[in-house]
Amino acid sequence: MALNFSHAFATVLYPWIMYDLTGSVVCMALMAFINGGVLLIGMAFGGYVAEMLGIRHTALISAKIGALTSLLIAALYTADFLNPGTLLFLSLLSSILDGPATVATEVKVPEIARLSGLSKTDANSIDDMIDGLVLLTASAASAFIIAAIGSKDAAWWITICNFAAMMLLSFSLPKFRLRAAPHLLDIIVAGRRFRGAPISLPLAFCASAALGFFMTLQIFLVPAALRLQGESVAWLGIFIAASATGTIMMNLHLASRQDRPTPSSTVSRAFLGLALATGLMWIEISPLTMIFAGLVAGLANGWLSPAFVAILQVKAPRDIRPHVMGLSYSVVLLFLPLEYMLTGVAIGLTSFKTTCILAIFLLSLAAAVSAAWLECIEND
């Protein structure tokens, strides 16, 4: 939980610091693009790295690197010695093992359940509840904390959370049973297994594109708009809190429904909801529009939950489970780095308002194309 909180905090704060150092939204986008790309590759090869280093060592090494790099960033930023290149390098270094560490801890939930005497169902439910709660609240809380105490003091909060996570993992993560050395061929086998799973890959790709823009809204587009207009980071907290509320509301609605929505309606509604949220931001940047835009974006994101549950719960034999899980996370995050960079370049070459118009057009087009594509597949 402490590790997830520090990751969410860093995701909000470090791009904000990059703008402080450069005054460029393109540099913010470049930072998000590189970190997103590293995370994507780390997820794809996460199973291999975790099996090679060992589950416990992978998680601990990742936590130690995160603690050290966050300490260096906080110290250099406080002393006014931090430059954009150093921030980019340290941020990249801190995220280099995030993908393998995520796969390592998630894939061992069943074994942790065995060691703790819980059933697999209970352990997975507790793990998903904690992860969901932290991810939905930590980003919003971090934005309000940054607004209250300032960027320099907030950087030390990330360091404290990382050191707390490192200590907790050292004392609580069990020593798992050793397994045979992994082979890169295992990733290919896992890919075939994933391809043969009872999920729709077109649905997965469409949902991934929609999720990528939702995360781009939270992590880049809204912060860039606030930076360009000189507004408080607290407004970002309002947007994220509203989007978390919308996601929870839609998840509860879908859970209470007797019938399951079709893939075409799920994805098209998500894209159209994101287009509407972007349109509200195009009209005006204010606390009121942050509330409504965040709520609409959260409702759109909630429509995607059934698709991601299907992707991340693909069953696999124990020997290739880490690789299948890593590929599942990679599919979920597939379009994220590209959407970061395209949005940043669009703002840099044009303006925020023009970028919003382009995004609304592309999201509406994506809704129409994805609905037609998925309906064609359903009819076949």
# chains A, B, ... in the order shown; residues from 1 in each chain; ligands from 1

call {"tool": "residues_around", "arguments": {"residues": "A:Pro337", "least_positions_apart": "3", "cutoff": "12 Å", "atoms": "only C-alpha atoms", "output": "number ranges by chain"}}
result
A: 29-41, 208-209, 211-213, 215-216, 219-220, 330, 332-334, 340-344

call {"tool": "write_last_selection", "arguments": {"atoms": "C-alpha atoms", "output": "mmCIF file, in the first residue's frame"}}
result
data_model
loop_
_atom_site.group_PDB
_atom_site.id
_atom_site.type_symbol
_atom_site.label_atom_id
_atom_site.label_comp_id
_atom_site.auth_asym_id
_atom_site.auth_seq_id
_atom_site.Cartn_x
_atom_site.Cartn_y
_atom_site.Cartn_z
ATOM 1 C CA ALA A 29 4.939 14.698 -22.033
ATOM 2 C CA LEU A 30 8.412 13.358 -22.831
ATOM 3 C CA MET A 31 8.907 12.369 -19.204
ATOM 4 C CA ALA A 32 5.527 10.636 -19.065
ATOM 5 C CA PHE A 33 6.207 8.923 -22.414
ATOM 6 C CA ILE A 34 9.588 7.514 -21.355
ATOM 7 C CA ASN A 35 8.349 6.330 -17.966
ATOM 8 C CA GLY A 36 5.245 4.808 -19.573
ATOM 9 C CA GLY A 37 7.371 3.023 -22.171
ATOM 10 C CA VAL A 38 9.697 1.618 -19.509
ATOM 11 C CA LEU A 39 6.705 0.426 -17.485
ATOM 12 C CA LEU A 40 5.165 -1.220 -20.567
ATOM 13 C CA ILE A 41 8.381 -3.099 -21.437
ATOM 14 C CA SER A 208 -6.572 -0.177 -23.714
ATOM 15 C CA ALA A 209 -6.774 2.847 -26.021
ATOM 16 C CA LEU A 211 -7.843 3.684 -20.667
ATOM 17 C CA GLY A 212 -4.708 5.274 -22.117
ATOM 18 C CA PHE A 213 -6.554 8.512 -22.809
ATOM 19 C CA MET A 215 -4.799 8.209 -17.736
ATOM 20 C CA THR A 216 -3.420 10.847 -20.117
ATOM 21 C CA ILE A 219 -1.523 12.526 -15.529
ATOM 22 C CA PHE A 220 -0.782 14.978 -18.333
ATOM 23 C CA SER A 330 1.178 -4.911 -21.109
ATOM 24 C CA VAL A 332 -3.830 -2.956 -20.655
ATOM 25 C CA LEU A 333 -1.106 -0.263 -20.882
ATOM 26 C CA LEU A 334 -0.338 -0.734 -24.585
ATOM 27 C CA TYR A 340 1.210 10.793 -23.695
ATOM 28 C CA MET A 341 3.596 11.833 -26.434
ATOM 29 C CA LEU A 342 1.002 12.673 -29.087
ATOM 30 C CA THR A 343 -0.944 14.854 -26.656
ATOM 31 C CA GLY A 344 2.210 16.680 -25.547
#

call {"tool": "closest_residue", "arguments": {"among": "A:Ala138, A:Ile347, A:Leu72, A:Leu13", "to": "A:Phe89", "atoms": "only C-alpha atoms"}}
result
A:Leu72

call {"tool": "closest_residue", "arguments": {"among": "A:Trp303, A:Gly237, A:Ala275, A:Asn379", "to": "A:Leu358", "atoms": "only C-alpha atoms"}}
result
A:Ala275

call {"tool": "closest_residue", "arguments": {"among": "A:Ser305, A:Ser6, A:Thr247, A:Ser24", "to": "A:Pro223", "atoms": "only C-alpha atoms"}}
result
A:Ser24

call {"tool": "residues_around", "arguments": {"residues": "stretch 56-69 of chain A", "least_positions_apart": "4", "cutoff": "6 Å", "atoms": "only C-alpha atoms", "output": "list in words"}}
result
Ala50, Leu90, Ser94, Leu97, Ala101, Thr159, Asn162, Phe163 and Met166 of chain A

call {"tool": "residues_around", "arguments": {"residues": "A:Leu221", "least_positions_apart": "3", "cutoff": "12 Å", "atoms": "only C-alpha atoms", "output": "mmCIF file with N, CA, C and O atoms, in the first residue's frame"}}
result
data_model
loop_
_atom_site.group_PDB
_atom_site.id
_atom_site.type_symbol
_atom_site.label_atom_id
_atom_site.label_comp_id
_atom_site.auth_asym_id
_atom_site.auth_seq_id
_atom_site.Cartn_x
_atom_site.Cartn_y
_atom_site.Cartn_z
ATOM 1 N N VAL A 12 2.019 12.246 -10.023
ATOM 2 C CA VAL A 12 1.478 13.605 -10.021
ATOM 3 C C VAL A 12 2.595 14.632 -9.891
ATOM 4 O O VAL A 12 2.633 15.631 -10.618
ATOM 5 N N PRO A 15 6.031 15.157 -13.003
ATOM 6 C CA PRO A 15 5.760 16.018 -14.169
ATOM 7 C C PRO A 15 5.560 17.485 -13.786
ATOM 8 O O PRO A 15 5.936 18.390 -14.545
ATOM 9 N N TRP A 16 4.972 17.708 -12.598
ATOM 10 C CA TRP A 16 4.795 19.082 -12.110
ATOM 11 C C TRP A 16 6.156 19.743 -11.886
ATOM 12 O O TRP A 16 6.352 20.913 -12.232
ATOM 13 N N VAL A 25 5.439 22.035 -21.667
ATOM 14 C CA VAL A 25 4.535 20.882 -21.544
ATOM 15 C C VAL A 25 5.045 19.711 -22.375
ATOM 16 O O VAL A 25 4.729 18.545 -22.089
ATOM 17 N N VAL A 26 5.841 19.992 -23.416
ATOM 18 C CA VAL A 26 6.412 18.905 -24.217
ATOM 19 C C VAL A 26 7.385 18.091 -23.382
ATOM 20 O O VAL A 26 7.427 16.858 -23.475
ATOM 21 N N MET A 28 7.161 17.733 -20.147
ATOM 22 C CA MET A 28 6.293 16.938 -19.274
ATOM 23 C C MET A 28 5.833 15.674 -19.987
ATOM 24 O O MET A 28 5.852 14.569 -19.427
ATOM 25 N N ALA A 29 5.414 15.843 -21.257
ATOM 26 C CA ALA A 29 4.939 14.698 -22.033
ATOM 27 C C ALA A 29 6.063 13.705 -22.302
ATOM 28 O O ALA A 29 5.859 12.484 -22.262
ATOM 29 N N ALA A 32 6.591 11.623 -19.213
ATOM 30 C CA ALA A 32 5.527 10.636 -19.065
ATOM 31 C C ALA A 32 5.658 9.535 -20.110
ATOM 32 O O ALA A 32 5.430 8.353 -19.817
ATOM 33 N N GLY A 212 -5.888 4.435 -21.905
ATOM 34 C CA GLY A 212 -4.708 5.274 -22.117
ATOM 35 C C GLY A 212 -5.055 6.747 -22.134
ATOM 36 O O GLY A 212 -4.357 7.574 -21.538
ATOM 37 N N PHE A 213 -6.182 7.095 -22.784
ATOM 38 C CA PHE A 213 -6.554 8.512 -22.809
ATOM 39 C C PHE A 213 -7.064 8.967 -21.445
ATOM 40 O O PHE A 213 -6.817 10.117 -21.043
ATOM 41 N N PHE A 214 -7.771 8.093 -20.733
ATOM 42 C CA PHE A 214 -8.224 8.454 -19.386
ATOM 43 C C PHE A 214 -7.031 8.778 -18.491
ATOM 44 O O PHE A 214 -7.044 9.787 -17.761
ATOM 45 N N MET A 215 -5.995 7.953 -18.550
ATOM 46 C CA MET A 215 -4.799 8.209 -17.736
ATOM 47 C C MET A 215 -4.046 9.432 -18.240
ATOM 48 O O MET A 215 -3.471 10.181 -17.449
ATOM 49 N N THR A 216 -4.053 9.648 -19.562
ATOM 50 C CA THR A 216 -3.420 10.847 -20.117
ATOM 51 C C THR A 216 -4.123 12.102 -19.618
ATOM 52 O O THR A 216 -3.473 13.119 -19.327
ATOM 53 N N LEU A 217 -5.448 12.056 -19.515
ATOM 54 C CA LEU A 217 -6.205 13.174 -18.953
ATOM 55 C C LEU A 217 -5.715 13.507 -17.549
ATOM 56 O O LEU A 217 -5.420 14.667 -17.231
ATOM 57 N N GLN A 218 -5.636 12.471 -16.690
ATOM 58 C CA GLN A 218 -5.291 12.692 -15.280
ATOM 59 C C GLN A 218 -3.836 13.080 -15.085
ATOM 60 O O GLN A 218 -3.522 13.966 -14.287
ATOM 61 N N ALA A 224 -1.207 19.879 -17.475
ATOM 62 C CA ALA A 224 -0.675 20.825 -18.459
ATOM 63 C C ALA A 224 -1.576 22.057 -18.580
ATOM 64 O O ALA A 224 -1.090 23.197 -18.640
ATOM 65 N N ALA A 225 -2.897 21.830 -18.584
ATOM 66 C CA ALA A 225 -3.830 22.956 -18.676
ATOM 67 C C ALA A 225 -3.696 23.876 -17.465
ATOM 68 O O ALA A 225 -3.689 25.109 -17.596
ATOM 69 N N LEU A 226 -3.576 23.282 -16.286
ATOM 70 C CA LEU A 226 -3.443 24.085 -15.073
ATOM 71 C C LEU A 226 -2.132 24.853 -15.063
ATOM 72 O O LEU A 226 -2.079 26.015 -14.633
ATOM 73 N N ARG A 227 -1.059 24.206 -15.539
ATOM 74 C CA ARG A 227 0.244 24.880 -15.588
ATOM 75 C C ARG A 227 0.217 26.044 -16.568
ATOM 76 O O ARG A 227 0.741 27.136 -16.282
ATOM 77 N N LEU A 228 -0.369 25.833 -17.741
ATOM 78 C CA LEU A 228 -0.407 26.877 -18.760
ATOM 79 C C LEU A 228 -1.227 28.080 -18.312
ATOM 80 O O LEU A 228 -0.942 29.211 -18.704
ATOM 81 N N LEU A 236 -6.299 19.907 -9.767
ATOM 82 C CA LEU A 236 -6.054 18.546 -10.243
ATOM 83 C C LEU A 236 -6.610 17.532 -9.245
ATOM 84 O O LEU A 236 -7.181 16.512 -9.641
ATOM 85 N N PHE A 239 -10.270 17.230 -9.810
ATOM 86 C CA PHE A 239 -10.565 16.412 -10.995
ATOM 87 C C PHE A 239 -10.394 14.925 -10.685
ATOM 88 O O PHE A 239 -11.260 14.099 -11.027
ATOM 89 N N ALA A 277 -15.895 14.692 -21.552
ATOM 90 C CA ALA A 277 -15.054 15.264 -20.490
ATOM 91 C C ALA A 277 -14.047 16.252 -21.070
ATOM 92 O O ALA A 277 -13.814 17.336 -20.511
ATOM 93 N N THR A 278 -13.460 15.905 -22.216
ATOM 94 C CA THR A 278 -12.511 16.809 -22.875
ATOM 95 C C THR A 278 -13.216 18.075 -23.357
ATOM 96 O O THR A 278 -12.660 19.181 -23.283
ATOM 97 N N MET A 281 -13.617 20.524 -20.614
ATOM 98 C CA MET A 281 -12.362 21.236 -20.344
ATOM 99 C C MET A 281 -12.083 22.282 -21.413
ATOM 100 O O MET A 281 -11.463 23.313 -21.128
ATOM 101 N N TRP A 282 -12.521 22.020 -22.641
ATOM 102 C CA TRP A 282 -12.332 23.000 -23.713
ATOM 103 C C TRP A 282 -13.150 24.257 -23.443
ATOM 104 O O TRP A 282 -12.712 25.367 -23.744
ATOM 105 N N ILE A 285 -11.611 26.136 -17.898
ATOM 106 C CA ILE A 285 -10.860 25.481 -16.827
ATOM 107 C C ILE A 285 -11.208 26.197 -15.526
ATOM 108 O O ILE A 285 -10.788 27.332 -15.290
ATOM 109 N N GLU A 339 -0.018 7.843 -26.370
ATOM 110 C CA GLU A 339 -1.003 8.903 -26.150
ATOM 111 C C GLU A 339 -0.410 10.055 -25.336
ATOM 112 O O GLU A 339 -0.768 11.217 -25.555
ATOM 113 N N TYR A 340 0.481 9.733 -24.401
ATOM 114 C CA TYR A 340 1.210 10.793 -23.695
ATOM 115 C C TYR A 340 1.925 11.698 -24.689
ATOM 116 O O TYR A 340 1.800 12.922 -24.665
ATOM 117 N N MET A 341 2.734 11.068 -25.556
ATOM 118 C CA MET A 341 3.596 11.833 -26.434
ATOM 119 C C MET A 341 2.811 12.612 -27.475
ATOM 120 O O MET A 341 3.096 13.784 -27.739
ATOM 121 N N LEU A 342 1.796 11.981 -28.067
ATOM 122 C CA LEU A 342 1.002 12.673 -29.087
ATOM 123 C C LEU A 342 0.279 13.884 -28.508
ATOM 124 O O LEU A 342 0.208 14.942 -29.151
ATOM 125 N N THR A 343 -0.242 13.730 -27.291
ATOM 126 C CA THR A 343 -0.944 14.854 -26.656
ATOM 127 C C THR A 343 0.026 15.989 -26.352
ATOM 128 O O THR A 343 -0.283 17.171 -26.583
ATOM 129 N N GLY A 344 1.212 15.650 -25.848
ATOM 130 C CA GLY A 344 2.210 16.680 -25.547
ATOM 131 C C GLY A 344 2.685 17.408 -26.788
ATOM 132 O O GLY A 344 2.805 18.646 -26.787
ATOM 133 N N VAL A 345 2.945 16.661 -27.856
ATOM 134 C CA VAL A 345 3.388 17.285 -29.114
ATOM 135 C C VAL A 345 2.282 18.182 -29.677
ATOM 136 O O VAL A 345 2.556 19.277 -30.183
ATOM 137 N N ALA A 346 1.026 17.734 -29.576
ATOM 138 C CA ALA A 346 -0.086 18.537 -30.090
ATOM 139 C C ALA A 346 -0.197 19.867 -29.352
ATOM 140 O O ALA A 346 -0.393 20.923 -29.970
ATOM 141 N N ILE A 347 -0.058 19.840 -28.019
ATOM 142 C CA ILE A 347 -0.115 21.092 -27.253
ATOM 143 C C ILE A 347 1.077 21.978 -27.588
ATOM 144 O O ILE A 347 0.951 23.204 -27.731
ATOM 145 N N GLY A 348 2.256 21.355 -27.738
ATOM 146 C CA GLY A 348 3.456 22.131 -28.060
ATOM 147 C C GLY A 348 3.387 22.791 -29.429
ATOM 148 O O GLY A 348 3.849 23.923 -29.611
ATOM 149 N N SER A 351 -2.069 24.494 -29.430
ATOM 150 C CA SER A 351 -2.453 25.087 -28.149
ATOM 151 C C SER A 351 -3.312 24.085 -27.403
ATOM 152 O O SER A 351 -3.720 23.051 -27.960
ATOM 153 N N PHE A 352 -3.616 24.386 -26.158
ATOM 154 C CA PHE A 352 -4.436 23.474 -25.368
ATOM 155 C C PHE A 352 -5.839 23.351 -25.965
ATOM 156 O O PHE A 352 -6.387 22.248 -26.088
ATOM 157 N N LYS A 353 -6.423 24.471 -26.355
ATOM 158 C CA LYS A 353 -7.783 24.462 -26.904
ATOM 159 C C LYS A 353 -7.844 23.645 -28.194
ATOM 160 O O LYS A 353 -8.758 22.838 -28.405
ATOM 161 N N THR A 355 -5.803 21.285 -29.127
ATOM 162 C CA THR A 355 -5.577 19.877 -28.782
ATOM 163 C C THR A 355 -6.860 19.232 -28.280
ATOM 164 O O THR A 355 -7.153 18.073 -28.605
ATOM 165 N N CYS A 356 -7.627 19.967 -27.490
ATOM 166 C CA CYS A 356 -8.911 19.439 -27.010
ATOM 167 C C CYS A 356 -9.857 19.155 -28.171
ATOM 168 O O CYS A 356 -10.532 18.112 -28.193
ATOM 169 N N ALA A 359 -8.666 16.060 -29.887
ATOM 170 C CA ALA A 359 -8.948 14.885 -29.057
ATOM 171 C C ALA A 359 -10.427 14.506 -29.125
ATOM 172 O O ALA A 359 -10.766 13.317 -29.220
#

call {"tool": "closest_residue", "arguments": {"among": "A:Gly246, A:Gly279, A:Gly42, A:Pro261", "to": "A:Val296", "atoms": "only C-alpha atoms"}}
result
A:Gly246

call {"tool": "atom_distance", "arguments": {"atom1": "atom CA of A:Ser370", "atom2": "atom CA of A:Leu203"}}
result
8.4 Å

call {"tool": "atom_distance", "arguments": {"atom1": "atom CA of A:Ala79", "atom2": "atom CA of A:His7"}}
result
23.0 Å

call {"tool": "atom_distance", "arguments": {"atom1": "atom CA of A:Ala210", "atom2": "atom CA of A:Val369"}}
result
12.8 Å

call {"tool": "closest_residue", "arguments": {"among": "A:Ile238, A:Ala367, A:Ala155, A:Leu252", "to": "A:Thr11", "atoms": "only C-alpha atoms"}}
result
A:Ala155

call {"tool": "residues_around", "arguments": {"residues": "A:Ile158", "least_positions_apart": "5", "cutoff": "7 Å", "atoms": "only C-alpha atoms", "output": "PDB file with N, CA, C and O atoms, in the first residue's frame"}}
result
ATOM      1  N   SER A   6       3.264   5.880  -2.956  1.00  0.00           N
ATOM      2  CA  SER A   6       4.424   6.644  -3.435  1.00  0.00           C
ATOM      3  C   SER A   6       4.446   6.720  -4.952  1.00  0.00           C
ATOM      4  O   SER A   6       4.801   7.753  -5.532  1.00  0.00           O
ATOM      5  N   PHE A   9       1.855   9.252  -5.952  1.00  0.00           N
ATOM      6  CA  PHE A   9       2.364  10.581  -5.593  1.00  0.00           C
ATOM      7  C   PHE A   9       3.385  11.063  -6.623  1.00  0.00           C
ATOM      8  O   PHE A   9       3.340  12.206  -7.109  1.00  0.00           O
ATOM      9  N   ALA A  10       4.303  10.165  -6.996  1.00  0.00           N
ATOM     10  CA  ALA A  10       5.345  10.522  -7.961  1.00  0.00           C
ATOM     11  C   ALA A  10       4.755  10.806  -9.335  1.00  0.00           C
ATOM     12  O   ALA A  10       5.234  11.698 -10.056  1.00  0.00           O
ATOM     13  N   SER A  70      14.226   8.618  -5.147  1.00  0.00           N
ATOM     14  CA  SER A  70      13.345   9.664  -4.607  1.00  0.00           C
ATOM     15  C   SER A  70      14.087  10.526  -3.598  1.00  0.00           C
ATOM     16  O   SER A  70      13.853  11.741  -3.513  1.00  0.00           O
TER      17      SER A  70
END

call {"tool": "closest_residue", "arguments": {"among": "A:Gly85, A:Gly150, A:Gly298, A:Gly23", "to": "A:Ala244", "atoms": "only C-alpha atoms"}}
result
A:Gly298
